[in-house]
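Everything below concerns the one structure shown next.
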Amino acid sequence: MIVRVQTEPFDLATEVARLYRDKPKVGAVASFLGLVRDSNEGDGVHTLTLEHYPGMTEKSLEGIGREAFARWDLLDATIIHRIGTLHPTEPIVLVAVASGHRGEAFAACEFIMDYLKTRAPFWKKETTPEGERWVDAREHDDIAAGRWAT
Amino acid sequence: MIVRVQTEPFDLATEVARLYRDKPKVGAVASFLGLVRDSNEGDGVHTLTLEHYPGMTEKSLEGIGREAFARWDLLDATIIHRIGTLHPTEPIVLVAVASGHRGEAFAACEFIMDYLKTRAPFWKKETTPEGERWVDAREHDDIAAGRWAT
Amino acid sequence: MKLKILYFARLRERFGLGSEALDAPAGVDDLAGLVAWLRQRGPAWAEELAPDRPYRMALNQEMATPESSLKEGDEVAVFPPVTGG
Amino acid sequence: MKLKILYFARLRERFGLGSEALDAPAGVDDLAGLVAWLRQRGPAWAEELAPDRPYRMALNQEMATPESSLKEGDEVAVFPPVTGG
């Protein structure tokens, strides 16, 4: 399993090929690419800046990957997340999973993305014509938030 | 939407980039690569030869794609299936789907693969140390088979 | 009634036939009738097209059912369950 | 008890603070207690860390709950719900 957090772009073909090249047990590679869009909630997005928690980020991504390996019969996986300032149409995240059969590859790839979206310490800030703003979490998880009431 | 049936290899990076390059509404690309494995049901596989039904194949893949566009809010999709003789670790099929958000891209990509596996007229023949054999369908759909009883 | 029939994969090999132009007799008016008629061609046909075998059929390049009606000039295909992907 | 505290994203900007070394008073022995103590620092702290705000915390780089116990030298992080991917 490869986990990387980086400013630089990544190369999809290289990353996916690494999961199946010379690996004749691999029958399926499911992958997901997340990209910067030019609009969010109606406003134009000029740039997107990703902040993260160095140290915890890598640990959480490795934990997410291990959890996927525990749940499904996987042969390999790659998780790459970019940080810093990105522009519309630029890739943000790649999750690619290799398995013998497609069902496990799909399930694990989607699981890792869902988990990453709610557990990995990344935060997005958008620059729009109206200025800068932090992106709100899509899941307004009031129950979890309420656990912090003291 | 692009649908191709071809003998030649395809280039994953080119195909996926075409789905998001200069398309700033695309936030998610889910893709699936199916590959030749070196074993099946315990026997070694030397080569895999794919036969198809020219004409119907393209129609059925286009129909599968249209069905996915009708079900989910997709921005683009690519379905490429190879025919002829392939070796272990070679890609057989690519399905890639672009959407605004990941849920739709994942669902549509898996839907197209499931549908392709049961509806598109391709047949695999394996060469193993024991000789040639046609690959059996995984789904022994006796109900559908029974409909042919007269 | 003139029909074009195509065979694929294991059925193509077993029948030693990839395609043929047929003139189906009166009374053969749907796929079920066509299959019943093809079964009479000999042991390989009777065996592979027996009611309990998992073959599939397409009519004019669309998946079809035994009830699908035939008309002059139709293209029919008979094949094993598909295994692509 | 000496602790290292990190703030991220909107909270980092609001507090004007990325990280700090703190010496928490006696009685602060879990994350809930730490947050209650931080709220007394001023209006921004009271508002952002109010019980109805959706902030999250990590203890030694693992997601944590209000009941998580603190010990000397722990690294605590306070941040908004994550939005990566």
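Chain labels follow the order of the structure tokens: the first chain is A, the next B, and so on; residue numbering restarts at 1 in every chain, and ligands are counted from 1 in their shown order.
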
message: Need to verify the contact set: Ala26 of chain D, 12 Å, only C-alpha atoms, exclusion of same-chain residues closer than 5 positions in sequence. Can you return it as a list of chain:residue names?
response: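 Residues near the query, excluding close chain neighbours: D:Met1, D:Lys2, D:Gly33, D:Leu34, D:Trp37, D:Leu70, D:Lys71, D:Glu72.
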
Would you mind exporting C-alpha atoms of the selected residues as a short mmCIF file (atom, residue, chain, number, x, y, z; two decimals), in the first residue's frame?
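Resulting contents of out_4.cif:
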data_model
loop_
_atom_site.label_atom_id
_atom_site.label_comp_id
_atom_site.auth_asym_id
_atom_site.auth_seq_id
_atom_site.Cartn_x
_atom_site.Cartn_y
_atom_site.Cartn_z
CA MET D 1 -0.03 19.36 32.98
CA LYS D 2 1.98 20.33 29.88
CA GLY D 33 -12.37 19.71 30.60
CA LEU D 34 -9.73 21.20 28.32
CA TRP D 37 -11.10 25.80 30.14
CA LEU D 70 -5.29 13.64 29.05
CA LYS D 71 -1.77 12.96 30.28
CA GLU D 72 1.44 14.97 30.46
#

- request: Check every residue of chain D for an atom within 12 Å of chain A, counting only C-alpha atoms, and provide those that qualify as JSON, numbers by chain.
  value: {"D": [6, 7, 8, 9, 10, 11, 12, 13, 14, 18, 19, 30, 31, 32, 33, 34, 35, 36, 37, 39, 49, 50, 51, 52, 53, 54, 55, 56, 57, 58, 59, 60, 61, 62, 63, 64, 65, 66, 67, 68, 75, 76, 77, 78, 79, 80, 81, 82, 83, 84, 85]}

Using N, CA and C atoms, can you write the selected residues to a file as a compact mmCIF listing (two decimals), in the first residue's frame?
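Resulting contents of out02.txt:
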# COMPACT_ATOMS: atom_id res chain seq x y z
N LEU D 6 -2.87 22.14 18.90
CA LEU D 6 -2.82 22.60 17.50
C LEU D 6 -4.22 23.03 17.06
N TYR D 7 -4.27 24.07 16.23
CA TYR D 7 -5.55 24.55 15.68
C TYR D 7 -5.45 24.55 14.17
N PHE D 8 -6.53 24.19 13.50
CA PHE D 8 -6.49 24.13 12.03
C PHE D 8 -7.64 24.88 11.39
N ALA D 9 -7.40 25.29 10.14
CA ALA D 9 -8.43 25.84 9.24
C ALA D 9 -9.11 27.06 9.89
N ARG D 10 -10.45 27.09 9.89
CA ARG D 10 -11.15 28.29 10.38
C ARG D 10 -10.77 28.60 11.83
N LEU D 11 -10.59 27.57 12.65
CA LEU D 11 -10.26 27.82 14.06
C LEU D 11 -8.87 28.44 14.19
N ARG D 12 -7.94 27.96 13.41
CA ARG D 12 -6.59 28.55 13.41
C ARG D 12 -6.66 30.04 13.06
N GLU D 13 -7.44 30.36 12.05
CA GLU D 13 -7.56 31.77 11.65
C GLU D 13 -8.30 32.60 12.71
N ARG D 14 -9.36 32.04 13.24
CA ARG D 14 -10.18 32.78 14.21
C ARG D 14 -9.40 33.06 15.49
N GLY D 18 -1.70 28.83 15.44
CA GLY D 18 -1.57 27.52 14.81
C GLY D 18 -1.26 26.44 15.83
N SER D 19 -0.43 26.80 16.81
CA SER D 19 -0.12 25.82 17.86
C SER D 19 0.40 26.56 19.09
N ASP D 30 -9.53 15.69 31.00
CA ASP D 30 -9.97 15.07 29.74
C ASP D 30 -10.24 16.17 28.72
N LEU D 31 -10.59 15.77 27.48
CA LEU D 31 -10.77 16.76 26.43
C LEU D 31 -11.94 17.70 26.74
N ALA D 32 -12.99 17.18 27.33
CA ALA D 32 -14.13 18.02 27.69
C ALA D 32 -13.67 19.12 28.66
N GLY D 33 -12.87 18.74 29.62
CA GLY D 33 -12.37 19.71 30.60
C GLY D 33 -11.46 20.74 29.95
N LEU D 34 -10.64 20.29 29.02
CA LEU D 34 -9.73 21.20 28.32
C LEU D 34 -10.52 22.24 27.52
N VAL D 35 -11.56 21.79 26.82
CA VAL D 35 -12.37 22.70 26.02
C VAL D 35 -13.08 23.71 26.93
N ALA D 36 -13.61 23.25 28.03
CA ALA D 36 -14.31 24.14 28.97
C ALA D 36 -13.34 25.23 29.44
N TRP D 37 -12.11 24.84 29.67
CA TRP D 37 -11.10 25.80 30.14
C TRP D 37 -10.74 26.78 29.02
N ARG D 39 -12.58 27.79 26.59
CA ARG D 39 -13.70 28.71 26.32
C ARG D 39 -13.60 30.00 27.12
N LEU D 49 -16.00 27.37 20.36
CA LEU D 49 -15.99 26.08 21.09
C LEU D 49 -17.27 25.86 21.89
N ALA D 50 -18.31 26.65 21.54
CA ALA D 50 -19.61 26.45 22.21
C ALA D 50 -20.11 25.03 21.93
N PRO D 51 -20.87 24.47 22.86
CA PRO D 51 -21.31 23.07 22.72
C PRO D 51 -22.06 22.79 21.40
N ASP D 52 -22.70 23.81 20.83
CA ASP D 52 -23.47 23.53 19.60
C ASP D 52 -22.64 23.73 18.32
N ARG D 53 -21.35 24.06 18.46
CA ARG D 53 -20.53 24.23 17.26
C ARG D 53 -19.93 22.88 16.84
N PRO D 54 -19.80 22.66 15.54
CA PRO D 54 -19.38 21.34 15.08
C PRO D 54 -17.87 21.15 15.00
N TYR D 55 -17.14 21.55 16.04
CA TYR D 55 -15.69 21.32 16.00
C TYR D 55 -15.36 19.86 16.35
N ARG D 56 -14.17 19.46 15.99
CA ARG D 56 -13.71 18.10 16.26
C ARG D 56 -12.37 18.17 16.98
N MET D 57 -11.97 17.08 17.66
CA MET D 57 -10.69 17.06 18.35
C MET D 57 -9.94 15.76 18.07
N ALA D 58 -8.63 15.87 18.09
CA ALA D 58 -7.79 14.68 17.98
C ALA D 58 -6.85 14.67 19.18
N LEU D 59 -6.52 13.46 19.64
CA LEU D 59 -5.57 13.30 20.75
C LEU D 59 -4.43 12.43 20.24
N ASN D 60 -3.23 12.98 20.27
CA ASN D 60 -2.06 12.28 19.75
C ASN D 60 -2.32 11.74 18.33
N GLN D 61 -2.92 12.61 17.52
CA GLN D 61 -3.14 12.34 16.10
C GLN D 61 -4.15 11.23 15.80
N GLU D 62 -5.04 10.97 16.77
CA GLU D 62 -6.17 10.07 16.52
C GLU D 62 -7.44 10.82 16.86
N MET D 63 -8.51 10.63 16.09
CA MET D 63 -9.78 11.27 16.42
C MET D 63 -10.16 10.87 17.84
N ALA D 64 -10.68 11.82 18.63
CA ALA D 64 -10.93 11.57 20.05
C ALA D 64 -12.32 12.05 20.44
N THR D 65 -12.74 11.68 21.64
CA THR D 65 -14.05 12.06 22.16
C THR D 65 -13.86 12.93 23.41
N PRO D 66 -14.93 13.59 23.85
CA PRO D 66 -14.81 14.44 25.05
C PRO D 66 -14.29 13.67 26.26
N GLU D 67 -14.58 12.37 26.30
CA GLU D 67 -14.20 11.56 27.47
C GLU D 67 -12.73 11.14 27.44
N SER D 68 -12.03 11.38 26.32
CA SER D 68 -10.63 10.95 26.22
C SER D 68 -9.79 11.61 27.31
N GLU D 75 -0.48 15.54 22.66
CA GLU D 75 -0.71 16.48 21.58
C GLU D 75 -2.21 16.48 21.28
N VAL D 76 -2.82 17.65 21.41
CA VAL D 76 -4.26 17.79 21.18
C VAL D 76 -4.46 18.69 19.97
N ALA D 77 -5.43 18.36 19.14
CA ALA D 77 -5.75 19.25 18.02
C ALA D 77 -7.24 19.54 18.02
N VAL D 78 -7.57 20.80 17.68
CA VAL D 78 -8.97 21.24 17.61
C VAL D 78 -9.19 21.79 16.21
N PHE D 79 -10.25 21.34 15.53
CA PHE D 79 -10.45 21.75 14.15
C PHE D 79 -11.91 21.59 13.72
N PRO D 80 -12.29 22.24 12.61
CA PRO D 80 -13.64 22.06 12.06
C PRO D 80 -13.78 20.66 11.47
N PRO D 81 -15.03 20.24 11.19
CA PRO D 81 -15.20 18.97 10.47
C PRO D 81 -14.36 18.98 9.19
N VAL D 82 -13.80 17.85 8.85
CA VAL D 82 -12.86 17.79 7.74
C VAL D 82 -13.59 17.89 6.39
N THR D 83 -12.91 18.42 5.38
CA THR D 83 -13.53 18.63 4.07
C THR D 83 -12.59 18.28 2.92
N GLY D 84 -11.74 17.28 3.12
CA GLY D 84 -10.82 16.89 2.04
C GLY D 84 -11.48 15.99 1.02
N GLY D 85 -10.66 15.44 0.18
CA GLY D 85 -11.13 14.42 -0.78
C GLY D 85 -11.57 14.98 -2.12

Here's a check: after a least-squares fit over all in-order C-alpha atoms, write chain C in the frame of chain D, as a compact mmCIF listing (two decimals) with C-alpha atoms, in the first residue's frame.
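The resulting result_20.txt:
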# COMPACT_ATOMS: atom_id res chain seq x y z
CA MET C 1 -0.05 19.36 32.97
CA LYS C 2 1.95 20.33 29.88
CA LEU C 3 0.14 19.88 26.56
CA LYS C 4 0.73 20.80 22.94
CA ILE C 5 -2.39 22.17 21.25
CA LEU C 6 -2.82 22.59 17.50
CA TYR C 7 -5.54 24.56 15.69
CA PHE C 8 -6.49 24.15 12.03
CA ALA C 9 -8.43 25.84 9.25
CA ARG C 10 -11.15 28.27 10.37
CA LEU C 11 -10.25 27.82 14.07
CA ARG C 12 -6.59 28.55 13.41
CA GLU C 13 -7.57 31.78 11.65
CA ARG C 14 -10.18 32.78 14.21
CA PHE C 15 -7.86 32.24 17.18
CA GLY C 16 -4.87 33.64 15.30
CA LEU C 17 -2.93 30.64 16.54
CA GLY C 18 -1.60 27.50 14.82
CA SER C 19 -0.13 25.81 17.86
CA GLU C 20 0.80 26.50 21.45
CA ALA C 21 2.40 24.85 24.45
CA LEU C 22 0.01 24.97 27.38
CA ASP C 23 0.18 24.16 31.05
CA ALA C 24 -3.35 23.06 31.92
CA PRO C 25 -4.49 23.62 35.53
CA ALA C 26 -5.36 20.81 37.92
CA GLY C 27 -8.86 19.52 37.24
CA VAL C 28 -8.43 19.54 33.47
CA ASP C 29 -8.08 15.80 32.94
CA ASP C 30 -9.97 15.06 29.73
CA LEU C 31 -10.77 16.77 26.42
CA ALA C 32 -14.13 18.02 27.67
CA GLY C 33 -12.37 19.71 30.59
CA LEU C 34 -9.74 21.20 28.31
CA VAL C 35 -12.37 22.70 26.01
CA ALA C 36 -14.30 24.14 28.96
CA TRP C 37 -11.10 25.79 30.12
CA LEU C 38 -10.22 27.12 26.63
CA ARG C 39 -13.70 28.70 26.33
CA GLN C 40 -12.82 31.12 29.12
CA ARG C 41 -10.08 32.73 27.06
CA GLY C 42 -12.40 35.21 25.39
CA PRO C 43 -15.35 35.74 23.02
CA ALA C 44 -13.80 33.98 19.97
CA TRP C 45 -12.98 30.92 22.07
CA ALA C 46 -16.35 30.84 23.82
CA GLU C 47 -18.14 31.18 20.51
CA GLU C 48 -16.16 28.72 18.37
CA LEU C 49 -15.97 26.08 21.09
CA ALA C 50 -19.59 26.43 22.22
CA PRO C 51 -21.30 23.06 22.72
CA ASP C 52 -23.46 23.52 19.63
CA ARG C 53 -20.52 24.22 17.27
CA PRO C 54 -19.36 21.36 15.09
CA TYR C 55 -15.67 21.33 16.00
CA ARG C 56 -13.69 18.10 16.28
CA MET C 57 -10.69 17.06 18.34
CA ALA C 58 -7.79 14.68 17.99
CA LEU C 59 -5.58 13.31 20.75
CA ASN C 60 -2.07 12.28 19.76
CA GLN C 61 -3.14 12.34 16.10
CA GLU C 62 -6.18 10.07 16.53
CA MET C 63 -9.78 11.27 16.43
CA ALA C 64 -10.93 11.58 20.04
CA THR C 65 -14.05 12.09 22.15
CA PRO C 66 -14.80 14.45 25.04
CA GLU C 67 -14.20 11.58 27.46
CA SER C 68 -10.64 10.96 26.23
CA SER C 69 -8.26 11.33 29.21
CA LEU C 70 -5.28 13.66 29.05
CA LYS C 71 -1.78 12.98 30.29
CA GLU C 72 1.43 14.99 30.46
CA GLY C 73 2.93 15.67 27.03
CA ASP C 74 -0.19 14.89 24.98
CA GLU C 75 -0.71 16.49 21.58
CA VAL C 76 -4.27 17.79 21.19
CA ALA C 77 -5.76 19.25 18.00
CA VAL C 78 -8.96 21.24 17.61
CA PHE C 79 -10.45 21.74 14.15
CA PRO C 80 -13.63 22.06 12.08
CA PRO C 81 -15.20 18.95 10.48
CA VAL C 82 -12.85 17.77 7.74
CA THR C 83 -13.53 18.62 4.09
CA GLY C 84 -10.81 16.89 2.04
CA GLY C 85 -11.16 14.43 -0.79

- request: Pull out every residue of chain B sitting within 8 Å of chain A, counting only C-alpha atoms, and send them as a PyMOL selection string.
  value: chain B and resi 12-13+20-39+88-89+100+102+106+110

Export, as a PDB file, in the first residue's frame, the selected residues with N, CA and C atoms.
ATOM      1  N   LEU B  12      -4.923   4.348 -20.438  1.00  0.00           N
ATOM      2  CA  LEU B  12      -5.770   4.788 -19.322  1.00  0.00           C
ATOM      3  C   LEU B  12      -5.680   6.290 -19.103  1.00  0.00           C
ATOM      4  N   ALA B  13      -4.476   6.827 -19.082  1.00  0.00           N
ATOM      5  CA  ALA B  13      -4.282   8.249 -18.775  1.00  0.00           C
ATOM      6  C   ALA B  13      -4.989   9.124 -19.805  1.00  0.00           C
ATOM      7  N   TYR B  20     -11.988  14.777 -17.907  1.00  0.00           N
ATOM      8  CA  TYR B  20     -11.994  15.943 -17.005  1.00  0.00           C
ATOM      9  C   TYR B  20     -11.205  17.141 -17.517  1.00  0.00           C
ATOM     10  N   ARG B  21     -10.343  16.943 -18.537  1.00  0.00           N
ATOM     11  CA  ARG B  21      -9.547  18.067 -19.026  1.00  0.00           C
ATOM     12  C   ARG B  21     -10.461  19.125 -19.637  1.00  0.00           C
ATOM     13  N   ASP B  22     -10.255  20.377 -19.221  1.00  0.00           N
ATOM     14  CA  ASP B  22     -11.087  21.494 -19.716  1.00  0.00           C
ATOM     15  C   ASP B  22     -12.565  21.317 -19.374  1.00  0.00           C
ATOM     16  N   LYS B  23     -12.865  20.509 -18.342  1.00  0.00           N
ATOM     17  CA  LYS B  23     -14.266  20.316 -17.939  1.00  0.00           C
ATOM     18  C   LYS B  23     -14.403  20.622 -16.463  1.00  0.00           C
ATOM     19  N   PRO B  24     -14.469  21.906 -16.123  1.00  0.00           N
ATOM     20  CA  PRO B  24     -14.412  22.288 -14.704  1.00  0.00           C
ATOM     21  C   PRO B  24     -15.672  21.970 -13.897  1.00  0.00           C
ATOM     22  N   LYS B  25     -16.686  21.370 -14.540  1.00  0.00           N
ATOM     23  CA  LYS B  25     -17.851  20.909 -13.755  1.00  0.00           C
ATOM     24  C   LYS B  25     -17.608  19.517 -13.188  1.00  0.00           C
ATOM     25  N   VAL B  26     -16.570  18.838 -13.677  1.00  0.00           N
ATOM     26  CA  VAL B  26     -16.292  17.463 -13.242  1.00  0.00           C
ATOM     27  C   VAL B  26     -15.553  17.474 -11.905  1.00  0.00           C
ATOM     28  N   GLY B  27     -16.173  16.919 -10.885  1.00  0.00           N
ATOM     29  CA  GLY B  27     -15.533  16.834  -9.575  1.00  0.00           C
ATOM     30  C   GLY B  27     -15.075  15.430  -9.250  1.00  0.00           C
ATOM     31  N   ALA B  28     -15.524  14.457 -10.041  1.00  0.00           N
ATOM     32  CA  ALA B  28     -15.266  13.053  -9.707  1.00  0.00           C
ATOM     33  C   ALA B  28     -15.167  12.206 -10.969  1.00  0.00           C
ATOM     34  N   VAL B  29     -14.147  11.382 -11.043  1.00  0.00           N
ATOM     35  CA  VAL B  29     -14.057  10.375 -12.106  1.00  0.00           C
ATOM     36  C   VAL B  29     -13.829   9.022 -11.434  1.00  0.00           C
ATOM     37  N   ALA B  30     -14.793   8.124 -11.593  1.00  0.00           N
ATOM     38  CA  ALA B  30     -14.624   6.753 -11.086  1.00  0.00           C
ATOM     39  C   ALA B  30     -14.282   5.887 -12.288  1.00  0.00           C
ATOM     40  N   SER B  31     -13.286   5.044 -12.128  1.00  0.00           N
ATOM     41  CA  SER B  31     -12.945   4.202 -13.268  1.00  0.00           C
ATOM     42  C   SER B  31     -12.656   2.780 -12.831  1.00  0.00           C
ATOM     43  N   PHE B  32     -12.818   1.881 -13.782  1.00  0.00           N
ATOM     44  CA  PHE B  32     -12.589   0.462 -13.515  1.00  0.00           C
ATOM     45  C   PHE B  32     -11.798  -0.126 -14.659  1.00  0.00           C
ATOM     46  N   LEU B  33     -10.785  -0.894 -14.284  1.00  0.00           N
ATOM     47  CA  LEU B  33      -9.948  -1.576 -15.246  1.00  0.00           C
ATOM     48  C   LEU B  33     -10.048  -3.069 -14.940  1.00  0.00           C
ATOM     49  N   GLY B  34     -10.452  -3.847 -15.935  1.00  0.00           N
ATOM     50  CA  GLY B  34     -10.498  -5.301 -15.784  1.00  0.00           C
ATOM     51  C   GLY B  34      -9.293  -5.895 -16.494  1.00  0.00           C
ATOM     52  N   LEU B  35      -8.607  -6.850 -15.859  1.00  0.00           N
ATOM     53  CA  LEU B  35      -7.343  -7.374 -16.388  1.00  0.00           C
ATOM     54  C   LEU B  35      -7.360  -8.888 -16.486  1.00  0.00           C
ATOM     55  N   VAL B  36      -6.525  -9.422 -17.358  1.00  0.00           N
ATOM     56  CA  VAL B  36      -6.378 -10.876 -17.475  1.00  0.00           C
ATOM     57  C   VAL B  36      -5.569 -11.380 -16.288  1.00  0.00           C
ATOM     58  N   ARG B  37      -6.111 -12.361 -15.568  1.00  0.00           N
ATOM     59  CA  ARG B  37      -5.377 -12.977 -14.453  1.00  0.00           C
ATOM     60  C   ARG B  37      -4.672 -14.239 -14.940  1.00  0.00           C
ATOM     61  N   ASP B  38      -3.678 -14.695 -14.180  1.00  0.00           N
ATOM     62  CA  ASP B  38      -2.919 -15.869 -14.628  1.00  0.00           C
ATOM     63  C   ASP B  38      -3.509 -17.181 -14.140  1.00  0.00           C
ATOM     64  N   SER B  39      -4.665 -17.107 -13.463  1.00  0.00           N
ATOM     65  CA  SER B  39      -5.294 -18.360 -13.037  1.00  0.00           C
ATOM     66  C   SER B  39      -6.789 -18.153 -12.917  1.00  0.00           C
ATOM     67  N   PRO B  88      -1.971 -12.600 -19.419  1.00  0.00           N
ATOM     68  CA  PRO B  88      -2.097 -12.142 -18.034  1.00  0.00           C
ATOM     69  C   PRO B  88      -1.443 -10.774 -17.841  1.00  0.00           C
ATOM     70  N   THR B  89      -2.066  -9.962 -17.024  1.00  0.00           N
ATOM     71  CA  THR B  89      -1.743  -8.563 -16.677  1.00  0.00           C
ATOM     72  C   THR B  89      -2.154  -7.564 -17.773  1.00  0.00           C
ATOM     73  N   GLY B 100     -20.324  15.317 -11.217  1.00  0.00           N
ATOM     74  CA  GLY B 100     -20.009  16.406 -10.301  1.00  0.00           C
ATOM     75  C   GLY B 100     -19.534  15.873  -8.963  1.00  0.00           C
ATOM     76  N   ARG B 102     -18.907  12.274  -6.192  1.00  0.00           N
ATOM     77  CA  ARG B 102     -18.397  10.912  -6.258  1.00  0.00           C
ATOM     78  C   ARG B 102     -19.461   9.823  -6.226  1.00  0.00           C
ATOM     79  N   PHE B 106     -19.309   6.672  -8.833  1.00  0.00           N
ATOM     80  CA  PHE B 106     -19.092   5.292  -8.374  1.00  0.00           C
ATOM     81  C   PHE B 106     -20.262   4.398  -8.777  1.00  0.00           C
ATOM     82  N   GLU B 110     -19.984   1.203 -11.473  1.00  0.00           N
ATOM     83  CA  GLU B 110     -20.242  -0.189 -11.075  1.00  0.00           C
ATOM     84  C   GLU B 110     -21.458  -0.748 -11.822  1.00  0.00           C
TER      85      GLU B 110
END

- request: Check the DSSP output for the backbone and give back, as a PyMOL selection string, the residues of segment 7-148 of chain B in alpha helix (DSSP H).
  value: chain B and resi 12-20+56-71+102-119+142-146

C-alpha atoms of the current selection, written as a PDB file, in the first residue's frame:
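So the final result, stored in result.pdb, reads:
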ATOM      1  CA  LEU B  12      -5.770   4.788 -19.322  1.00  0.00           C
ATOM      2  CA  ALA B  13      -4.282   8.249 -18.775  1.00  0.00           C
ATOM      3  CA  THR B  14      -5.483   9.550 -22.138  1.00  0.00           C
ATOM      4  CA  GLU B  15      -8.969   8.165 -21.659  1.00  0.00           C
ATOM      5  CA  VAL B  16      -9.424   9.443 -18.103  1.00  0.00           C
ATOM      6  CA  ALA B  17      -7.896  12.860 -18.882  1.00  0.00           C
ATOM      7  CA  ARG B  18     -10.377  13.267 -21.724  1.00  0.00           C
ATOM      8  CA  LEU B  19     -13.172  13.016 -19.143  1.00  0.00           C
ATOM      9  CA  TYR B  20     -11.994  15.943 -17.005  1.00  0.00           C
ATOM     10  CA  MET B  56     -24.598  -5.980 -31.282  1.00  0.00           C
ATOM     11  CA  THR B  57     -21.587  -5.402 -29.026  1.00  0.00           C
ATOM     12  CA  GLU B  58     -21.379  -1.688 -29.803  1.00  0.00           C
ATOM     13  CA  LYS B  59     -25.158  -1.305 -29.579  1.00  0.00           C
ATOM     14  CA  SER B  60     -25.318  -3.047 -26.229  1.00  0.00           C
ATOM     15  CA  LEU B  61     -22.466  -0.970 -24.757  1.00  0.00           C
ATOM     16  CA  GLU B  62     -24.113   2.231 -25.999  1.00  0.00           C
ATOM     17  CA  GLY B  63     -27.387   1.050 -24.483  1.00  0.00           C
ATOM     18  CA  ILE B  64     -25.666   0.352 -21.149  1.00  0.00           C
ATOM     19  CA  GLY B  65     -24.143   3.826 -21.213  1.00  0.00           C
ATOM     20  CA  ARG B  66     -27.443   5.537 -22.071  1.00  0.00           C
ATOM     21  CA  GLU B  67     -29.112   3.640 -19.241  1.00  0.00           C
ATOM     22  CA  ALA B  68     -26.460   4.972 -16.814  1.00  0.00           C
ATOM     23  CA  PHE B  69     -26.970   8.548 -18.061  1.00  0.00           C
ATOM     24  CA  ALA B  70     -30.715   8.149 -17.528  1.00  0.00           C
ATOM     25  CA  ARG B  71     -30.228   6.935 -13.957  1.00  0.00           C
ATOM     26  CA  ARG B 102     -18.397  10.912  -6.258  1.00  0.00           C
ATOM     27  CA  GLY B 103     -21.545   8.993  -5.337  1.00  0.00           C
ATOM     28  CA  GLU B 104     -22.972   9.157  -8.835  1.00  0.00           C
ATOM     29  CA  ALA B 105     -19.657   8.413 -10.522  1.00  0.00           C
ATOM     30  CA  PHE B 106     -19.092   5.292  -8.374  1.00  0.00           C
ATOM     31  CA  ALA B 107     -22.656   4.024  -8.762  1.00  0.00           C
ATOM     32  CA  ALA B 108     -22.733   4.516 -12.527  1.00  0.00           C
ATOM     33  CA  CYS B 109     -19.308   2.933 -13.044  1.00  0.00           C
ATOM     34  CA  GLU B 110     -20.242  -0.189 -11.075  1.00  0.00           C
ATOM     35  CA  PHE B 111     -23.657  -0.338 -12.757  1.00  0.00           C
ATOM     36  CA  ILE B 112     -22.100  -0.249 -16.231  1.00  0.00           C
ATOM     37  CA  MET B 113     -19.637  -3.026 -15.301  1.00  0.00           C
ATOM     38  CA  ASP B 114     -22.378  -5.238 -13.817  1.00  0.00           C
ATOM     39  CA  TYR B 115     -24.562  -4.702 -16.834  1.00  0.00           C
ATOM     40  CA  LEU B 116     -21.689  -5.266 -19.266  1.00  0.00           C
ATOM     41  CA  LYS B 117     -20.818  -8.538 -17.527  1.00  0.00           C
ATOM     42  CA  THR B 118     -24.318  -9.942 -18.003  1.00  0.00           C
ATOM     43  CA  ARG B 119     -25.630  -8.243 -21.181  1.00  0.00           C
ATOM     44  CA  ASP B 142     -31.274 -20.901 -14.283  1.00  0.00           C
ATOM     45  CA  ILE B 143     -34.430 -18.837 -14.214  1.00  0.00           C
ATOM     46  CA  ALA B 144     -33.480 -16.954 -17.367  1.00  0.00           C
ATOM     47  CA  ALA B 145     -32.245 -20.188 -18.936  1.00  0.00           C
ATOM     48  CA  GLY B 146     -35.518 -21.859 -18.029  1.00  0.00           C
TER      49      GLY B 146
END

Which of chain C fall in strand (DSSP E or B), as number ranges by chain: C: 2-7, 19-23, 30, 56-59, 62-63, 69, 75-79

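The gap separating atom CA of Thr49 of chain B from atom CA of Thr85 of chain B is 4.1 Å, in Å to one decimal.
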
- request: Could you jot down the atom CA of Gln6 of chain B to atom CA of Thr78 of chain A separation for me, Å, one decimal place?
  value: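 One can read the atom CA of Gln6 of chain B to atom CA of Thr78 of chain A distance as 28.8 Å.
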
field: Point-to-point distance in Å for atom CA of Leu48 of chain A and atom CA of Thr127 of chain A
entry: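 One can read the atom CA of Thr127 of chain A to atom CA of Leu48 of chain A distance as 6.4 Å.
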